[in-house]
file start_39.cif (mmCIF, C-alpha atoms)
data_my_file
#
loop_
_atom_site.label_atom_id
_atom_site.label_comp_id
_atom_site.auth_asym_id
_atom_site.auth_seq_id
_atom_site.Cartn_x
_atom_site.Cartn_y
_atom_site.Cartn_z
CA MET A 14 35.08 -2.08 -0.70
CA LYS A 15 33.66 -1.07 2.64
CA VAL A 16 33.95 2.57 3.68
CA LEU A 17 33.45 3.96 7.17
CA VAL A 18 32.70 7.68 7.37
CA LEU A 19 33.37 9.44 10.69
CA THR A 20 32.05 12.98 11.05
CA LEU A 21 31.17 15.45 13.77
CA GLY A 22 29.62 18.92 13.60
CA THR A 23 26.45 20.60 12.45
CA ARG A 24 24.18 19.49 9.61
CA GLY A 25 26.57 21.03 7.09
CA ASP A 26 29.31 18.70 8.37
CA VAL A 27 27.12 15.61 7.96
CA GLN A 28 24.92 16.06 4.89
CA PRO A 29 27.74 16.04 2.29
CA PHE A 30 28.81 12.62 3.60
CA VAL A 31 25.26 11.35 3.10
CA ALA A 32 25.66 12.30 -0.56
CA LEU A 33 29.03 10.53 -0.70
CA ALA A 34 27.53 7.42 0.87
CA GLN A 35 24.65 7.40 -1.60
CA HIS A 36 27.02 7.41 -4.56
CA LEU A 37 29.30 4.79 -3.03
CA ARG A 38 26.29 2.49 -2.64
CA ARG A 39 25.27 3.21 -6.22
CA ARG A 40 28.70 1.97 -7.29
CA GLY A 41 28.20 -1.25 -5.34
CA HIS A 42 30.25 -0.42 -2.24
CA GLU A 43 29.25 -0.88 1.38
CA VAL A 44 29.29 2.29 3.45
CA VAL A 45 28.46 3.31 7.01
CA VAL A 46 28.13 6.92 8.14
CA ALA A 47 28.94 7.42 11.84
CA ALA A 48 27.72 10.79 13.08
CA PRO A 49 26.13 12.29 16.23
CA HIS A 50 22.88 10.62 17.29
CA ARG A 51 20.86 13.74 16.47
CA PHE A 52 21.44 13.08 12.76
CA THR A 53 19.93 9.60 12.75
CA GLU A 54 16.93 10.67 10.69
CA LEU A 55 19.00 12.78 8.30
CA VAL A 56 21.32 9.88 7.45
CA ALA A 57 19.04 6.86 7.67
CA GLY A 58 16.20 8.79 6.02
CA HIS A 59 18.29 8.99 2.85
CA GLY A 60 18.77 5.25 2.69
CA VAL A 61 22.27 5.24 4.22
CA MET A 62 23.44 2.91 7.00
CA PHE A 63 23.89 4.96 10.17
CA ALA A 64 25.96 4.42 13.30
CA GLY A 65 25.42 6.78 16.21
CA LEU A 66 28.15 8.71 17.99
CA ASP A 67 27.82 10.64 21.22
CA ASP A 68 26.73 14.22 20.54
CA GLY A 69 29.73 15.41 22.56
CA PRO A 70 30.40 19.17 22.35
CA LEU A 71 27.33 19.71 20.17
CA ARG A 72 25.33 19.74 23.40
CA LEU A 73 26.90 23.05 24.27
CA PHE A 74 25.32 24.59 21.19
CA ASP A 75 21.85 23.39 22.13
CA ASP A 76 21.87 26.33 24.53
CA ALA A 77 20.96 29.46 22.56
CA THR A 78 22.79 31.55 25.17
CA VAL A 79 26.05 29.73 24.49
CA VAL A 80 25.58 30.16 20.74
CA GLY A 81 24.93 33.85 21.20
CA ASP A 82 27.96 34.32 23.45
CA VAL A 83 30.25 32.63 20.93
CA ALA A 84 28.78 34.56 18.02
CA THR A 85 28.95 37.98 19.65
CA GLY A 86 31.44 37.67 22.51
CA GLY A 87 34.71 37.65 20.58
CA ILE A 88 37.78 35.53 21.24
CA GLY A 89 37.32 35.47 25.02
CA ALA A 90 33.94 33.72 24.80
CA ARG A 91 35.35 31.21 22.32
CA LEU A 92 38.34 30.39 24.54
CA THR A 93 36.00 29.84 27.50
CA LEU A 94 33.95 27.45 25.39
CA MET A 95 37.05 25.60 24.18
CA ARG A 96 38.13 24.89 27.76
CA ARG A 97 34.85 23.05 28.33
CA MET A 98 35.09 20.87 25.24
CA PRO A 99 37.97 18.36 25.75
CA ALA A 100 36.17 16.31 28.38
CA MET A 101 33.15 16.04 26.06
CA PHE A 102 35.23 14.34 23.36
CA THR A 103 36.12 11.23 25.36
CA ARG A 104 32.85 9.46 24.66
CA VAL A 105 32.95 10.53 20.98
CA LEU A 106 36.37 8.90 20.57
CA GLU A 107 35.26 5.74 22.34
CA ASP A 108 32.15 5.50 20.16
CA CYS A 109 34.24 5.91 16.99
CA TRP A 110 36.42 2.95 17.93
CA GLN A 111 33.44 0.82 18.92
CA VAL A 112 31.76 1.45 15.55
CA ALA A 113 34.99 0.72 13.68
CA SER A 114 36.07 -2.36 15.63
CA THR A 115 32.94 -4.29 16.58
CA GLY A 116 30.05 -2.17 15.32
CA ALA A 117 28.51 -1.47 11.94
CA GLY A 118 31.78 -0.16 10.55
CA ALA A 119 33.86 -3.24 11.40
CA GLY A 120 35.88 -4.56 8.49
CA ALA A 121 36.19 -1.21 6.72
CA ASP A 122 38.80 -0.96 3.96
CA LEU A 123 38.90 2.82 4.10
CA ILE A 124 38.20 5.55 6.67
CA VAL A 125 36.82 8.88 5.45
CA HIS A 126 36.68 11.58 8.13
CA ASN A 127 36.19 15.32 8.49
CA GLY A 128 38.95 16.11 10.99
CA GLN A 129 36.54 17.58 13.56
CA VAL A 130 35.69 14.12 14.85
CA LEU A 131 39.38 13.82 15.91
CA ALA A 132 39.34 10.02 15.64
CA GLY A 133 39.67 9.42 11.90
CA GLN A 134 43.41 8.99 11.27
CA HIS A 135 43.87 7.20 14.62
CA VAL A 136 41.17 4.61 13.90
CA ALA A 137 42.68 4.03 10.45
CA GLU A 138 46.15 3.64 11.97
CA ARG A 139 44.90 1.07 14.46
CA LEU A 140 43.10 -0.88 11.71
CA GLY A 141 45.96 -0.57 9.24
CA VAL A 142 43.80 0.97 6.50
CA PRO A 143 44.05 4.30 4.60
CA ALA A 144 42.46 7.44 5.98
CA VAL A 145 41.07 10.18 3.74
CA LEU A 146 40.43 13.67 5.08
CA ALA A 147 37.26 15.03 3.46
CA LEU A 148 36.25 18.66 3.95
CA PRO A 149 33.50 21.06 2.87
CA MET A 150 36.02 23.91 3.12
CA PRO A 151 39.77 24.38 2.53
CA MET A 152 40.78 24.47 6.19
CA TYR A 153 43.84 22.24 6.49
CA VAL A 154 46.10 22.45 3.45
CA PRO A 155 48.18 25.68 3.44
CA THR A 156 48.24 27.87 0.36
CA ARG A 157 49.62 31.23 -0.66
CA GLU A 158 46.40 32.06 -2.51
CA PHE A 159 44.18 32.80 0.49
CA ALA A 160 44.45 32.95 4.26
CA TRP A 161 43.14 30.27 6.62
CA PRO A 162 39.31 30.37 6.48
CA GLY A 163 38.90 29.43 10.15
CA GLN A 164 39.19 33.01 11.36
CA GLN A 165 38.38 36.33 9.74
CA LEU A 166 41.72 37.72 8.59
CA PRO A 167 42.63 40.79 6.50
CA SER A 168 42.36 40.26 2.76
CA TRP A 169 45.53 42.27 2.15
CA LEU A 170 47.89 39.78 3.80
CA PRO A 171 50.88 38.94 1.56
CA ALA A 172 50.95 35.47 0.00
CA SER A 173 53.83 34.34 2.20
CA VAL A 174 51.85 35.20 5.32
CA ASN A 175 48.74 33.45 3.99
CA ARG A 176 50.51 30.09 4.30
CA LEU A 177 51.55 30.84 7.87
CA THR A 178 47.96 31.47 8.97
CA TYR A 179 47.17 27.77 8.56
CA ALA A 180 48.99 27.22 11.83
CA GLY A 181 45.52 27.90 13.20
CA MET A 182 44.72 24.25 12.48
CA LYS A 183 47.19 23.25 15.20
CA GLY A 184 44.59 24.42 17.71
CA PRO A 185 42.74 21.09 18.00
CA ALA A 186 45.99 19.25 18.79
CA LEU A 187 46.80 21.77 21.52
CA MET A 188 43.32 21.70 23.02
CA PHE A 189 42.46 18.02 22.71
CA GLY A 190 45.88 16.37 22.46
CA ARG A 191 45.92 14.93 25.97
CA THR A 192 42.40 13.54 25.61
CA VAL A 193 43.27 11.90 22.29
CA ASP A 194 46.59 10.54 23.61
CA ARG A 195 44.89 8.83 26.56
CA TRP A 196 42.44 7.23 24.15
CA ARG A 197 45.25 6.23 21.74
CA SER A 198 47.10 4.59 24.61
CA GLY A 199 44.05 2.44 25.27
CA LEU A 200 44.17 1.32 21.63
CA GLY A 201 47.83 0.38 21.95
CA LEU A 202 48.99 3.14 19.59
CA PRO A 203 52.39 4.79 20.16
CA ARG A 204 53.00 8.48 20.88
CA ARG A 205 54.66 8.97 17.50
CA ARG A 206 55.56 12.31 15.99
CA GLY A 207 52.82 13.89 13.89
CA ARG A 208 50.09 11.68 15.32
CA HIS A 209 47.66 14.61 15.63
CA ASP A 210 48.12 15.84 12.06
CA PRO A 211 45.42 14.44 9.75
CA LEU A 212 47.47 15.58 6.75
CA ARG A 213 50.10 12.92 7.50
CA ARG A 214 49.97 9.14 7.38
CA PRO A 215 51.67 7.14 10.14
CA ASP A 216 54.74 6.77 7.91
CA GLY A 217 55.01 10.56 7.53
CA THR A 218 53.86 10.76 3.91
CA LEU A 219 51.01 13.04 2.87
CA ALA A 220 47.46 11.79 3.37
CA PRO A 221 44.83 12.33 0.65
CA VAL A 222 42.47 15.27 1.15
CA LEU A 223 39.22 15.75 -0.78
CA HIS A 224 37.55 19.16 -0.76
CA ALA A 225 33.82 19.00 -1.41
CA VAL A 226 33.78 22.44 -3.00
CA SER A 227 33.10 23.55 -6.55
CA PRO A 228 36.22 24.56 -8.50
CA ALA A 229 34.07 27.36 -9.90
CA VAL A 230 33.90 28.74 -6.35
CA ILE A 231 37.43 27.86 -5.20
CA PRO A 232 39.79 26.87 -8.02
CA ARG A 233 42.37 24.36 -6.82
CA PRO A 234 45.39 26.34 -5.54
CA ALA A 235 48.47 25.84 -7.70
CA ASP A 236 50.73 25.30 -4.67
CA TRP A 237 48.74 22.42 -3.18
CA PRO A 238 50.35 18.96 -3.21
CA ALA A 239 48.92 16.35 -5.57
CA THR A 240 47.28 14.64 -2.59
CA ALA A 241 44.88 17.59 -2.14
CA GLN A 242 42.04 17.80 -4.63
CA VAL A 243 38.90 19.86 -5.26
CA THR A 244 36.08 17.57 -6.38
CA GLY A 245 33.01 19.77 -6.66
CA TYR A 246 30.14 19.94 -4.16
CA TRP A 247 28.56 16.80 -2.73
CA PHE A 248 24.78 17.20 -2.94
CA VAL A 249 22.31 14.69 -1.51
CA ASP A 250 20.08 12.87 -3.96
CA THR A 251 16.67 13.02 -2.29
CA ALA A 252 15.03 10.83 -4.92
CA ALA A 253 17.61 8.08 -4.35
CA ALA A 254 16.09 7.36 -0.96
CA GLY A 255 12.67 6.89 -2.51
CA GLY A 256 11.49 10.20 -1.15
CA VAL A 257 10.10 13.30 -2.76
CA VAL A 258 11.40 16.77 -2.06
CA PRO A 259 8.51 18.37 -0.14
CA VAL A 260 6.97 21.53 -1.51
CA THR A 261 5.51 23.56 1.30
CA ASP A 262 2.03 24.93 0.79
CA ARG A 263 3.07 27.84 2.99
CA TYR A 264 5.46 29.18 0.39
CA PRO A 265 3.91 32.38 -0.99
CA ALA A 266 2.82 32.26 -4.59
CA GLY A 267 4.87 34.34 -7.00
CA GLY A 268 2.37 36.06 -9.25
CA ASP A 269 2.59 39.82 -9.44
CA GLY A 270 3.33 40.26 -5.75
CA PRO A 271 6.59 41.52 -4.22
CA PRO A 272 9.65 39.27 -4.54
CA VAL A 273 10.10 36.54 -1.94
CA VAL A 274 13.38 36.59 -0.01
CA PHE A 275 14.65 33.62 1.99
CA VAL A 276 16.27 34.45 5.33
CA GLY A 277 17.91 31.80 7.49
CA PHE A 278 20.84 31.90 9.90
CA GLY A 279 20.71 28.28 11.09
CA SER A 280 21.79 28.04 14.70
CA MET A 281 23.74 31.29 14.44
CA ILE A 282 21.12 33.78 15.57
CA GLY A 283 22.74 35.38 18.62
CA PRO A 284 21.60 35.68 22.22
CA ASP A 285 18.17 37.15 21.42
CA PRO A 286 16.39 35.30 18.58
CA GLU A 287 13.21 37.34 18.97
CA ALA A 288 15.05 40.66 18.59
CA ALA A 289 16.99 39.32 15.61
CA THR A 290 13.78 38.20 13.96
CA GLU A 291 12.27 41.65 14.46
CA VAL A 292 15.29 43.22 12.73
CA VAL A 293 14.89 40.84 9.80
CA VAL A 294 11.15 41.47 9.45
CA ARG A 295 11.65 45.26 9.58
CA ALA A 296 14.34 44.96 6.89
CA LEU A 297 12.08 42.89 4.64
CA ARG A 298 9.32 45.47 4.90
CA MET A 299 11.72 48.37 4.32
CA ALA A 300 12.97 46.58 1.20
CA GLY A 301 9.40 46.05 -0.02
CA VAL A 302 9.66 42.24 -0.24
CA ARG A 303 8.03 39.22 1.32
CA GLY A 304 10.04 36.92 3.55
CA MET A 305 10.49 33.19 3.98
CA LEU A 306 12.13 32.64 7.37
CA ALA A 307 13.98 29.49 8.46
CA GLY A 308 14.37 28.43 12.07
CA GLY A 309 17.05 26.21 13.60
CA TRP A 310 18.74 25.73 16.95
CA GLY A 311 17.72 29.05 18.46
CA GLY A 312 16.83 30.21 14.96
CA LEU A 313 14.46 32.85 13.59
CA GLN A 314 11.09 32.92 15.28
CA GLU A 315 7.53 32.71 13.98
CA ILE A 316 5.95 36.17 13.66
CA PRO A 317 2.26 36.43 12.75
CA ALA A 318 2.28 38.54 9.60
CA PRO A 319 0.74 38.22 6.13
CA ASP A 320 4.05 38.94 4.36
CA VAL A 321 6.36 36.71 6.41
CA PHE A 322 6.29 32.89 6.36
CA LEU A 323 8.09 30.20 8.36
CA PRO A 324 7.57 26.89 6.53
CA GLY A 325 9.29 24.46 8.89
CA ASP A 326 12.06 22.07 7.88
CA VAL A 327 12.02 22.37 4.10
CA PRO A 328 15.11 21.41 2.06
CA HIS A 329 17.15 24.21 0.54
CA GLU A 330 16.76 22.64 -2.89
CA THR A 331 13.02 23.31 -2.63
CA VAL A 332 13.04 26.86 -1.30
CA PHE A 333 16.17 28.47 -2.72
CA PRO A 334 15.33 28.26 -6.45
CA ARG A 335 11.93 29.79 -5.71
CA SER A 336 13.41 32.79 -3.89
CA ALA A 337 14.49 36.07 -5.44
CA VAL A 338 17.36 36.49 -2.95
CA ILE A 339 18.90 34.22 -0.31
CA VAL A 340 19.98 35.82 2.97
CA HIS A 341 22.08 33.47 5.09
CA HIS A 342 24.91 33.19 7.62
CA GLY A 343 27.58 31.83 5.30
CA GLY A 344 27.85 28.25 6.51
CA ALA A 345 29.61 26.03 3.97
CA GLY A 346 26.57 23.85 3.28
CA THR A 347 24.12 26.72 2.99
CA THR A 348 26.51 28.63 0.74
CA ALA A 349 26.84 25.59 -1.53
CA ALA A 350 23.06 25.26 -1.82
CA ALA A 351 22.68 28.99 -2.47
CA VAL A 352 25.31 28.86 -5.22
CA ARG A 353 23.63 25.88 -6.88
CA SER A 354 20.25 27.64 -6.88
CA GLY A 355 21.62 30.42 -9.07
CA ARG A 356 20.08 33.16 -6.92
CA PRO A 357 21.85 36.31 -5.64
CA GLN A 358 22.79 36.34 -1.98
CA VAL A 359 23.21 38.52 1.09
CA VAL A 360 25.59 36.92 3.59
CA CYS A 361 25.53 37.91 7.28
CA PRO A 362 28.42 35.96 8.84
CA PHE A 363 28.98 35.27 12.53
CA VAL A 364 32.18 33.30 13.17
CA GLY A 365 34.60 30.69 11.86
CA ASP A 366 34.64 30.15 8.11
CA GLN A 367 31.48 32.19 7.50
CA PRO A 368 33.30 35.50 6.77
CA PHE A 369 35.48 33.59 4.29
CA TRP A 370 32.47 32.37 2.32
CA ALA A 371 30.83 35.79 2.54
CA ALA A 372 33.89 37.45 1.02
CA ARG A 373 34.17 34.74 -1.63
CA MET A 374 30.54 35.23 -2.71
CA GLN A 375 31.06 39.00 -3.00
CA ARG A 376 34.27 38.47 -4.98
CA LEU A 377 32.42 36.20 -7.41
CA GLY A 378 29.82 38.93 -7.92
CA VAL A 379 26.89 36.85 -6.68
CA ALA A 380 26.38 38.60 -3.34
CA ALA A 381 26.16 42.07 -1.91
CA GLU A 382 28.76 43.35 0.55
CA PRO A 383 28.64 41.11 3.67
CA ILE A 384 27.00 42.42 6.83
CA GLY A 385 28.60 40.98 9.96
CA GLN A 386 26.02 39.98 12.54
CA ARG A 387 27.40 42.50 15.04
CA HIS A 388 26.58 45.24 12.55
CA LEU A 389 23.24 43.88 11.35
CA THR A 390 20.54 46.55 11.34
CA ALA A 391 17.24 46.75 9.52
CA PRO A 392 18.31 49.63 7.23
CA ARG A 393 21.61 47.94 6.25
CA LEU A 394 19.94 44.61 5.58
CA ALA A 395 17.12 46.26 3.64
CA ALA A 396 19.61 48.10 1.41
CA ALA A 397 21.55 44.90 0.72
CA ILE A 398 18.38 42.97 -0.11
CA ARG A 399 17.17 45.70 -2.42
CA ARG A 400 20.50 45.76 -4.24
CA ALA A 401 20.43 41.98 -4.70
CA VAL A 402 16.88 42.16 -6.03
CA ASP A 403 17.60 44.97 -8.49
CA ASP A 404 21.22 44.50 -9.66
CA PRO A 405 21.19 42.86 -13.13
CA ALA A 406 24.92 42.09 -12.99
CA MET A 407 24.57 40.25 -9.69
CA ILE A 408 21.53 38.34 -10.91
CA THR A 409 23.36 37.29 -14.08
CA ALA A 410 26.53 36.28 -12.21
CA ALA A 411 24.51 34.18 -9.76
CA ARG A 412 22.62 32.47 -12.57
CA ARG A 413 25.80 31.62 -14.49
CA LEU A 414 27.60 30.32 -11.42
CA GLY A 415 24.60 28.16 -10.56
CA GLU A 416 24.61 26.71 -14.07
CA GLN A 417 28.29 25.82 -13.75
CA VAL A 418 27.80 24.09 -10.42
CA ARG A 419 24.76 22.16 -11.58
CA CYS A 420 26.84 20.77 -14.45
CA GLU A 421 29.40 19.31 -12.04
CA ASN A 422 29.21 15.93 -10.34
CA GLY A 423 31.50 16.39 -7.39
CA VAL A 424 30.38 13.30 -5.54
CA ALA A 425 31.13 11.06 -8.54
CA THR A 426 34.58 12.62 -8.82
CA ALA A 427 35.18 11.93 -5.14
CA VAL A 428 34.13 8.30 -5.42
CA ASP A 429 36.44 7.86 -8.43
CA MET A 430 39.31 9.07 -6.26
CA LEU A 431 38.39 6.79 -3.36
CA GLU A 432 38.21 3.80 -5.67
CA ARG A 433 41.67 4.54 -7.03
CA LEU A 434 43.00 4.93 -3.51
CA ALA A 435 41.49 1.63 -2.36
CA GLY A 436 42.92 -0.01 -5.46
CA GLY A 437 46.42 1.05 -4.53
CA ASP A 438 46.75 4.07 -6.84
CA ARG A 439 48.13 6.64 -4.37
#
call {"tool": "encode", "arguments": {"input": "start_39.cif", "output": "structure tokens"}}
result
Amino acid sequence: MKVLVLTLGTRGDVQPFVALAQHLRRRGHEVVVAAPHRFTELVAGHGVMFAGLDDGPLRLFDDATVVGDVATGGIGARLTLMRRMPAMFTRVLEDCWQVASTGAGAGADLIVHNGQVLAGQHVAERLGVPAVLALPMPMYVPTREFAWPGQQLPSWLPASVNRLTYAGMKGPALMFGRTVDRWRSGLGLPRRRGRHDPLRRPDGTLAPVLHAVSPAVIPRPADWPATAQVTGYWFVDTAAAGGVVPVTDRYPAGGDGPPVVFVGFGSMIGPDPEAATEVVVRALRMAGVRGMLAGGWGGLQEIPAPDVFLPGDVPHETVFPRSAVIVHHGGAGTTAAAVRSGRPQVVCPFVGDQPFWAARMQRLGVAAEPIGQRHLTAPRLAAAIRRAVDDPAMITAARRLGEQVRCENGVATAVDMLERLAGGDR
């Protein structure tokens, strides 16, 4: 079969689909991953056919000021940003259809999409093929077991209210509905009921949803429909592309020196990256450890110091297992890599689903109490790092969870499901 993957977002929204594509190819299927142009090297560099989409609203996040405002400015800053985004989706939608109709994805038997790209179920409807919603987090399918991860919500909400919080996923239809409807009209698609709900097929039945999450981290909720499944994480196979995972010569040697702690917040560093980096470095020194810092869009900065290192773009699978503790922002992809490494964590969430993952890691016993970025200080971070370094129970829990995840093959499970779907087994 031929599979077209449509995805939009940050690296964590693209890399799992590279893993899926690798395994599909290994099974003899043809696959094309359509993602923003900035991820050309990430996708094609792993031996996967790539089709470029307009970067769309991602351009807004190239501005560190915008990222900082969203991360620290509360709901008002986010609403202001949302008002700017609809117009930036028009080209993304047009590119999705071009790829699917006359481009590299033409002739696809199946559309796999992440919801954020907005085009997935509509392209599938126009082509008359199945659409599969594939997610690195449980954002769409309501459950009584936990509240919607898209916004930090109280943990004490009753189960009945938990389900209601998933109304938050109606936001994209409200914000981008007109833009999508104009584009649908150009494709000759009707304004049918439920057209903006990726959980529904055109005939109103439930669409399949694959969650690229370990069941050891999020067991499949008992009240989910049979169409929603938890497969296990989708990790990229670096060796499959003929490459070798680089080992940086700037990583400090272990020996008898202080433990090495990884710190990386991706693009979520706030309005003043230099000040944030200074807080991190002070915390590392207060904790008596060495630091491995990771940059990103507006990420942590290089600071000349003998005990702090910034190695460049090194894969998590190289650095994480060599670190005593992993300090990160709680993005879904980074959390998955941290879990697999079997190392204890300190999570400093900003927005979106990050507080959800931070709370989940603490609940599993593999992370210290989360420190929200608004409350991040050197003493608080130092105390959390020191606890993660010294707590035998946390170290053991992280090791055992990592062993469980490394025994899974989530991407193979996902491909099995896609093959059954394409073969008519709904």
call {"tool": "closest_residue", "arguments": {"input": "start_39.cif", "among": "A:Gly141, A:Gly344, A:Gly279, A:Pro99", "to": "Ala186 (chain A)", "atoms": "only C-alpha atoms"}}
result
A:Pro99
call {"tool": "atom_distance", "arguments": {"input": "start_39.cif", "atom1": "CA of His59 (chain A)", "atom2": "CA of Leu33 (chain A)"}}
result
11.4 Å
call {"tool": "atom_distance", "arguments": {"input": "start_39.cif", "atom1": "CA of Val45 (chain A)", "atom2": "CA of Gln367 (chain A)"}}
result
29.0 Å
call {"tool": "resolve_selection", "arguments": {"input": "start_39.cif", "expression": "the PyMOL selection byres ((chain A and resi 407-412) around 12)", "output": "PyMOL selection string"}}
result
chain A and resi 229-230+334+337-339+351-359+374-382+397-406+413-419
call {"tool": "axis_aligned_box", "arguments": {"input": "start_39.cif", "around": "region 233-245 of chain A", "padding_each_side": "4 Å", "output": "JSON"}}
result
{"center_x": 41.9, "center_y": 20.5, "center_z": -4.9, "size_x": 25.7, "size_y": 19.7, "size_z": 13.6}
call {"tool": "resolve_selection", "arguments": {"input": "start_39.cif", "expression": "the PyMOL selection byres ((chain A and resi 16-30) around 9)", "output": "CSV table (one decimal) with C-alpha atoms, in the frame of the given file"}}
result
chain,number,residue,atom,x,y,z
A,14,MET,CA,35.1,-2.1,-0.7
A,15,LYS,CA,33.7,-1.1,2.6
A,31,VAL,CA,25.3,11.4,3.1
A,32,ALA,CA,25.7,12.3,-0.6
A,33,LEU,CA,29.0,10.5,-0.7
A,34,ALA,CA,27.5,7.4,0.9
A,35,GLN,CA,24.6,7.4,-1.6
A,37,LEU,CA,29.3,4.8,-3.0
A,42,HIS,CA,30.2,-0.4,-2.2
A,43,GLU,CA,29.2,-0.9,1.4
A,44,VAL,CA,29.3,2.3,3.4
A,45,VAL,CA,28.5,3.3,7.0
A,46,VAL,CA,28.1,6.9,8.1
A,47,ALA,CA,28.9,7.4,11.8
A,48,ALA,CA,27.7,10.8,13.1
A,49,PRO,CA,26.1,12.3,16.2
A,52,PHE,CA,21.4,13.1,12.8
A,55,LEU,CA,19.0,12.8,8.3
A,56,VAL,CA,21.3,9.9,7.4
A,66,LEU,CA,28.2,8.7,18.0
A,68,ASP,CA,26.7,14.2,20.5
A,69,GLY,CA,29.7,15.4,22.6
A,70,PRO,CA,30.4,19.2,22.4
A,71,LEU,CA,27.3,19.7,20.2
A,105,VAL,CA,33.0,10.5,21.0
A,109,CYS,CA,34.2,5.9,17.0
A,112,VAL,CA,31.8,1.4,15.6
A,113,ALA,CA,35.0,0.7,13.7
A,117,ALA,CA,28.5,-1.5,11.9
A,118,GLY,CA,31.8,-0.2,10.6
A,119,ALA,CA,33.9,-3.2,11.4
A,120,GLY,CA,35.9,-4.6,8.5
A,121,ALA,CA,36.2,-1.2,6.7
A,122,ASP,CA,38.8,-1.0,4.0
A,123,LEU,CA,38.9,2.8,4.1
A,124,ILE,CA,38.2,5.6,6.7
A,125,VAL,CA,36.8,8.9,5.4
A,126,HIS,CA,36.7,11.6,8.1
A,127,ASN,CA,36.2,15.3,8.5
A,128,GLY,CA,39.0,16.1,11.0
A,129,GLN,CA,36.5,17.6,13.6
A,130,VAL,CA,35.7,14.1,14.8
A,131,LEU,CA,39.4,13.8,15.9
A,132,ALA,CA,39.3,10.0,15.6
A,133,GLY,CA,39.7,9.4,11.9
A,147,ALA,CA,37.3,15.0,3.5
A,148,LEU,CA,36.2,18.7,4.0
A,149,PRO,CA,33.5,21.1,2.9
A,225,ALA,CA,33.8,19.0,-1.4
A,246,TYR,CA,30.1,19.9,-4.2
A,247,TRP,CA,28.6,16.8,-2.7
A,248,PHE,CA,24.8,17.2,-2.9
A,249,VAL,CA,22.3,14.7,-1.5
A,344,GLY,CA,27.8,28.2,6.5
A,345,ALA,CA,29.6,26.0,4.0
A,346,GLY,CA,26.6,23.8,3.3
A,347,THR,CA,24.1,26.7,3.0
A,424,VAL,CA,30.4,13.3,-5.5
call {"tool": "build_atoms", "arguments": {"input": "start_39.cif", "residues": "region 186-199 of chain A", "atoms": "N, CA and C atoms", "output": "PDB file, in the coordinates of the input"}}
result
ATOM      1  N   ALA A 186      44.969  20.082  18.149  1.00  0.00           N
ATOM      2  CA  ALA A 186      45.990  19.250  18.790  1.00  0.00           C
ATOM      3  C   ALA A 186      46.383  19.820  20.144  1.00  0.00           C
ATOM      4  N   LEU A 187      46.446  21.141  20.246  1.00  0.00           N
ATOM      5  CA  LEU A 187      46.800  21.770  21.520  1.00  0.00           C
ATOM      6  C   LEU A 187      45.691  21.608  22.546  1.00  0.00           C
ATOM      7  N   MET A 188      44.445  21.745  22.093  1.00  0.00           N
ATOM      8  CA  MET A 188      43.320  21.700  23.020  1.00  0.00           C
ATOM      9  C   MET A 188      42.937  20.273  23.427  1.00  0.00           C
ATOM     10  N   PHE A 189      42.991  19.356  22.468  1.00  0.00           N
ATOM     11  CA  PHE A 189      42.460  18.020  22.710  1.00  0.00           C
ATOM     12  C   PHE A 189      43.532  16.935  22.706  1.00  0.00           C
ATOM     13  N   GLY A 190      44.793  17.343  22.587  1.00  0.00           N
ATOM     14  CA  GLY A 190      45.880  16.370  22.460  1.00  0.00           C
ATOM     15  C   GLY A 190      45.937  15.363  23.597  1.00  0.00           C
ATOM     16  N   ARG A 191      45.827  15.840  24.826  1.00  0.00           N
ATOM     17  CA  ARG A 191      45.920  14.930  25.970  1.00  0.00           C
ATOM     18  C   ARG A 191      44.769  13.932  25.967  1.00  0.00           C
ATOM     19  N   THR A 192      43.564  14.430  25.656  1.00  0.00           N
ATOM     20  CA  THR A 192      42.400  13.540  25.610  1.00  0.00           C
ATOM     21  C   THR A 192      42.595  12.459  24.558  1.00  0.00           C
ATOM     22  N   VAL A 193      43.064  12.865  23.373  1.00  0.00           N
ATOM     23  CA  VAL A 193      43.270  11.900  22.290  1.00  0.00           C
ATOM     24  C   VAL A 193      44.395  10.932  22.648  1.00  0.00           C
ATOM     25  N   ASP A 194      45.467  11.417  23.275  1.00  0.00           N
ATOM     26  CA  ASP A 194      46.590  10.540  23.610  1.00  0.00           C
ATOM     27  C   ASP A 194      46.193   9.471  24.629  1.00  0.00           C
ATOM     28  N   ARG A 195      45.364   9.839  25.590  1.00  0.00           N
ATOM     29  CA  ARG A 195      44.890   8.830  26.560  1.00  0.00           C
ATOM     30  C   ARG A 195      44.088   7.750  25.843  1.00  0.00           C
ATOM     31  N   TRP A 196      43.250   8.178  24.917  1.00  0.00           N
ATOM     32  CA  TRP A 196      42.440   7.230  24.150  1.00  0.00           C
ATOM     33  C   TRP A 196      43.331   6.379  23.249  1.00  0.00           C
ATOM     34  N   ARG A 197      44.313   6.982  22.589  1.00  0.00           N
ATOM     35  CA  ARG A 197      45.250   6.230  21.740  1.00  0.00           C
ATOM     36  C   ARG A 197      45.997   5.178  22.554  1.00  0.00           C
ATOM     37  N   SER A 198      46.381   5.537  23.759  1.00  0.00           N
ATOM     38  CA  SER A 198      47.100   4.590  24.610  1.00  0.00           C
ATOM     39  C   SER A 198      46.252   3.353  24.864  1.00  0.00           C
ATOM     40  N   GLY A 199      44.946   3.569  25.055  1.00  0.00           N
ATOM     41  CA  GLY A 199      44.050   2.440  25.270  1.00  0.00           C
ATOM     42  C   GLY A 199      43.916   1.546  24.048  1.00  0.00           C
TER      43      GLY A 199
END
